[in-house]
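*Asks:* I'd like to ask some things about the structure below.
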Amino acid sequence: MASGDGSGEGGGAKPRATAPARRRASKEPADRRREILEAALVVFAEAGFAGARMQDVAARAGVAKGTLYLYFKDKEALFEGLVRQAIDPVLGRLEREFADFPGSTRAFLSVLFAHLANEAVHSPRRHIVRLMLGEGERFPEIAGFYYREVVSRGLGLLRAINARALERGEISSDAGLRFPQLLIAPLLVATVWEGLFQRHEALDVQGMLEAHAEITLRGLGWKEP
């Protein structure tokens, strides 16, 4: 005769879900998606784009592989979701701050570089930049996506900063407007240095960025107000 709690083979009651299983099942889709993307960042950082596998992301996120495909159809879509989650808040905040910033270009560059140092160089987001530097040429589709979603927006912001500085008479050269890449180059140096050489020679990222801003402004013909 089956036991009264339904635990015997003949019992009609279904096994109760464990507490972790109940918690997993009760999560909102947005929370589950965020956890998957956090796991994807770790897997991409460790294995690169070529070496990352969807099943590894699913395992790290604690979900079934089939669940992962409910959110992202393939690895490229997963990477795109990761970039949007990681970068959109950073660029969006900077774009909003610049639109309402009352101070000088020098002051805004300090804000810009401090924010990017924290959010790009000293955060896990730096792994996305390194992945693009290391594998973007091999995967032109993801390089094109990254350019549209990140690089193009960033260059647009830098051009706007230069254009406003020229309009205000703060600088006299349009070199920064024509070559905005010059303004952002030290961040790439810092990101690479952090991963490859920091253990051998520490780099004061914030100090380097401040020095870069000073040199750049002088080269653009900065005029003290």
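Here's how to read the names in the structure tokens: chain A, B, ... by the order shown, residue numbers from 1 in each chain, ligand numbers from 1 in the order shown.
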Just the helix (DSSP H, G or I) stuff from segment 7-222 of chain A, please, per backbone DSSP, written as a PyMOL selection string.
*Replies:* chain A and resi 19-26+29-51+54-61+65-71+75-100+105-121+126-135+140-168+175-178+181-196+205-219
*Asks:* Please write the residues from the selection above to a file, keeping C-alpha atoms, as a compact mmCIF listing (two decimals), in the first residue's frame.
*Replies:*
# COMPACT_ATOMS: atom_id res chain seq x y z
CA ALA A 19 12.85 25.60 -2.87
CA PRO A 20 15.56 26.49 -5.45
CA ALA A 21 13.35 25.15 -8.24
CA ARG A 22 10.41 27.21 -7.01
CA ARG A 23 12.59 30.31 -6.90
CA ARG A 24 13.86 29.66 -10.43
CA ALA A 25 10.35 29.17 -11.73
CA SER A 26 9.02 32.31 -10.05
CA PRO A 29 11.48 37.20 -17.47
CA ALA A 30 13.45 40.47 -17.11
CA ASP A 31 15.34 39.07 -14.11
CA ARG A 32 16.04 35.82 -15.91
CA ARG A 33 17.26 37.71 -18.98
CA ARG A 34 19.60 39.83 -16.88
CA GLU A 35 21.08 36.74 -15.20
CA ILE A 36 21.64 35.11 -18.58
CA LEU A 37 23.47 38.19 -19.86
CA GLU A 38 25.59 38.38 -16.72
CA ALA A 39 26.56 34.74 -17.28
CA ALA A 40 27.23 35.45 -20.96
CA LEU A 41 29.67 38.23 -20.07
CA VAL A 42 31.69 35.80 -17.95
CA VAL A 43 31.70 33.11 -20.62
CA PHE A 44 32.63 35.53 -23.42
CA ALA A 45 35.41 36.98 -21.24
CA GLU A 46 36.84 33.52 -20.56
CA ALA A 47 36.37 31.86 -23.95
CA GLY A 48 36.05 34.71 -26.45
CA PHE A 49 33.30 34.90 -29.03
CA ALA A 50 34.56 31.94 -31.06
CA GLY A 51 35.00 29.68 -28.04
CA MET A 54 25.41 28.50 -25.56
CA GLN A 55 25.32 25.47 -23.24
CA ASP A 56 28.12 26.99 -21.14
CA VAL A 57 26.15 30.20 -20.75
CA ALA A 58 23.04 28.24 -19.79
CA ALA A 59 24.97 26.22 -17.22
CA ARG A 60 26.50 29.31 -15.64
CA ALA A 61 23.12 31.05 -15.55
CA LYS A 65 19.70 25.25 -22.70
CA GLY A 66 16.18 25.34 -24.10
CA THR A 67 15.32 28.21 -21.75
CA LEU A 68 18.28 30.17 -23.06
CA TYR A 69 16.94 29.88 -26.61
CA LEU A 70 13.61 31.36 -25.48
CA TYR A 71 15.49 34.62 -24.92
CA LYS A 75 25.14 33.31 -29.96
CA GLU A 76 25.19 36.46 -32.07
CA ALA A 77 21.84 37.57 -30.66
CA LEU A 78 23.16 36.83 -27.17
CA PHE A 79 26.20 39.01 -27.76
CA GLU A 80 24.02 41.81 -29.12
CA GLY A 81 21.82 41.65 -26.03
CA LEU A 82 24.90 41.77 -23.84
CA VAL A 83 26.25 44.86 -25.59
CA ARG A 84 22.92 46.66 -25.34
CA GLN A 85 22.57 45.90 -21.64
CA ALA A 86 26.15 46.87 -20.84
CA ILE A 87 26.61 49.94 -23.03
CA ASP A 88 23.23 51.62 -23.48
CA PRO A 89 23.01 52.90 -19.89
CA VAL A 90 26.53 54.34 -20.05
CA LEU A 91 26.16 56.15 -23.36
CA GLY A 92 22.62 57.23 -22.57
CA ARG A 93 23.70 58.84 -19.32
CA LEU A 94 26.59 60.68 -20.97
CA GLU A 95 24.37 61.93 -23.80
CA ARG A 96 21.84 63.25 -21.30
CA GLU A 97 24.50 64.87 -19.12
CA PHE A 98 26.07 66.62 -22.08
CA ALA A 99 22.73 67.94 -23.32
CA ASP A 100 22.09 69.64 -19.95
CA THR A 105 34.14 71.77 -22.26
CA ARG A 106 37.11 71.24 -19.97
CA ALA A 107 34.76 70.47 -17.08
CA PHE A 108 32.65 68.10 -19.16
CA LEU A 109 35.71 66.20 -20.39
CA SER A 110 36.61 65.57 -16.75
CA VAL A 111 33.13 64.16 -16.16
CA LEU A 112 33.29 62.14 -19.38
CA PHE A 113 36.66 60.55 -18.72
CA ALA A 114 35.94 59.83 -15.05
CA HIS A 115 32.70 58.09 -15.96
CA LEU A 116 34.25 56.07 -18.78
CA ALA A 117 37.19 55.04 -16.59
CA ASN A 118 34.78 53.63 -14.00
CA GLU A 119 32.29 52.11 -16.39
CA ALA A 120 34.58 50.89 -19.19
CA VAL A 121 38.09 50.34 -17.84
CA ARG A 126 36.10 46.10 -20.43
CA HIS A 127 35.88 42.46 -21.54
CA ILE A 128 33.52 43.46 -24.35
CA VAL A 129 36.06 45.98 -25.65
CA ARG A 130 38.85 43.40 -25.47
CA LEU A 131 36.70 40.85 -27.26
CA MET A 132 36.08 43.32 -30.08
CA LEU A 133 39.78 44.16 -30.33
CA GLY A 134 40.75 40.50 -30.40
CA GLU A 135 38.00 38.98 -32.55
CA PRO A 140 32.52 41.30 -39.20
CA GLU A 141 28.84 40.91 -38.31
CA ILE A 142 29.41 41.56 -34.62
CA ALA A 143 31.97 44.27 -35.44
CA GLY A 144 29.38 46.02 -37.58
CA PHE A 145 26.79 45.73 -34.82
CA TYR A 146 29.24 47.11 -32.23
CA TYR A 147 30.09 50.01 -34.51
CA ARG A 148 26.43 50.94 -34.98
CA GLU A 149 25.42 50.55 -31.35
CA VAL A 150 28.53 51.83 -29.57
CA VAL A 151 31.25 53.38 -31.71
CA SER A 152 28.96 55.48 -33.88
CA ARG A 153 27.09 56.88 -30.88
CA GLY A 154 30.33 57.58 -29.05
CA LEU A 155 31.83 59.41 -32.02
CA GLY A 156 28.62 61.40 -32.37
CA LEU A 157 28.91 62.54 -28.76
CA LEU A 158 32.57 63.51 -29.21
CA ARG A 159 31.77 65.48 -32.36
CA ALA A 160 29.00 67.29 -30.50
CA ILE A 161 31.43 68.19 -27.71
CA ASN A 162 33.93 69.59 -30.23
CA ALA A 163 31.24 71.46 -32.17
CA ARG A 164 29.94 73.14 -29.04
CA ALA A 165 33.45 74.09 -27.94
CA LEU A 166 34.07 75.71 -31.33
CA GLU A 167 30.74 77.51 -31.21
CA ARG A 168 31.53 78.87 -27.74
CA ALA A 175 40.79 68.73 -35.60
CA GLY A 176 38.76 67.09 -32.84
CA LEU A 177 35.63 67.44 -34.92
CA ARG A 178 37.31 65.77 -37.90
CA GLN A 181 38.94 59.09 -32.40
CA LEU A 182 41.88 61.04 -30.98
CA LEU A 183 39.86 61.92 -27.90
CA ILE A 184 38.89 58.37 -27.08
CA ALA A 185 42.16 56.58 -27.94
CA PRO A 186 43.60 56.61 -24.38
CA LEU A 187 40.61 54.62 -23.13
CA LEU A 188 41.54 51.80 -25.50
CA VAL A 189 45.13 52.00 -24.28
CA ALA A 190 43.95 51.84 -20.67
CA THR A 191 41.66 48.88 -21.36
CA VAL A 192 44.43 46.90 -23.03
CA TRP A 193 46.97 47.88 -20.37
CA GLU A 194 44.64 46.83 -17.55
CA GLY A 195 44.41 43.33 -18.95
CA LEU A 196 47.99 42.76 -20.15
CA VAL A 205 44.11 55.63 -15.57
CA GLN A 206 42.37 58.71 -14.23
CA GLY A 207 45.61 60.67 -14.11
CA MET A 208 46.46 59.66 -17.68
CA LEU A 209 43.01 60.70 -18.92
CA GLU A 210 43.25 64.07 -17.19
CA ALA A 211 46.67 64.65 -18.75
CA HIS A 212 45.26 63.62 -22.13
CA ALA A 213 42.40 66.10 -21.81
CA GLU A 214 44.82 68.88 -20.95
CA ILE A 215 47.14 68.09 -23.86
CA THR A 216 44.23 67.74 -26.27
CA LEU A 217 42.60 71.01 -25.28
CA ARG A 218 45.87 72.90 -25.62
CA GLY A 219 46.41 71.31 -29.03
*Asks:* Quick one, how far is atom CA of Phe197 of chain A from atom CA of Arg125 of chain A?
*Replies:* 18.1 Å
*Asks:* Can you work out the spacing between atom CA of Leu203 of chain A and atom CA of His122 of chain A in Å, to one decimal?
*Replies:*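 Between these atoms lies a distance of 11.8 Å.
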*Asks:* Can you tell me how far atom CA of Ser104 of chain A sits from atom CA of Glu170 of chain A, in Å to one decimal?
*Replies:*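 Straight-line distance from atom CA of Ser104 of chain A to atom CA of Glu170 of chain A works out to 8.2 Å.
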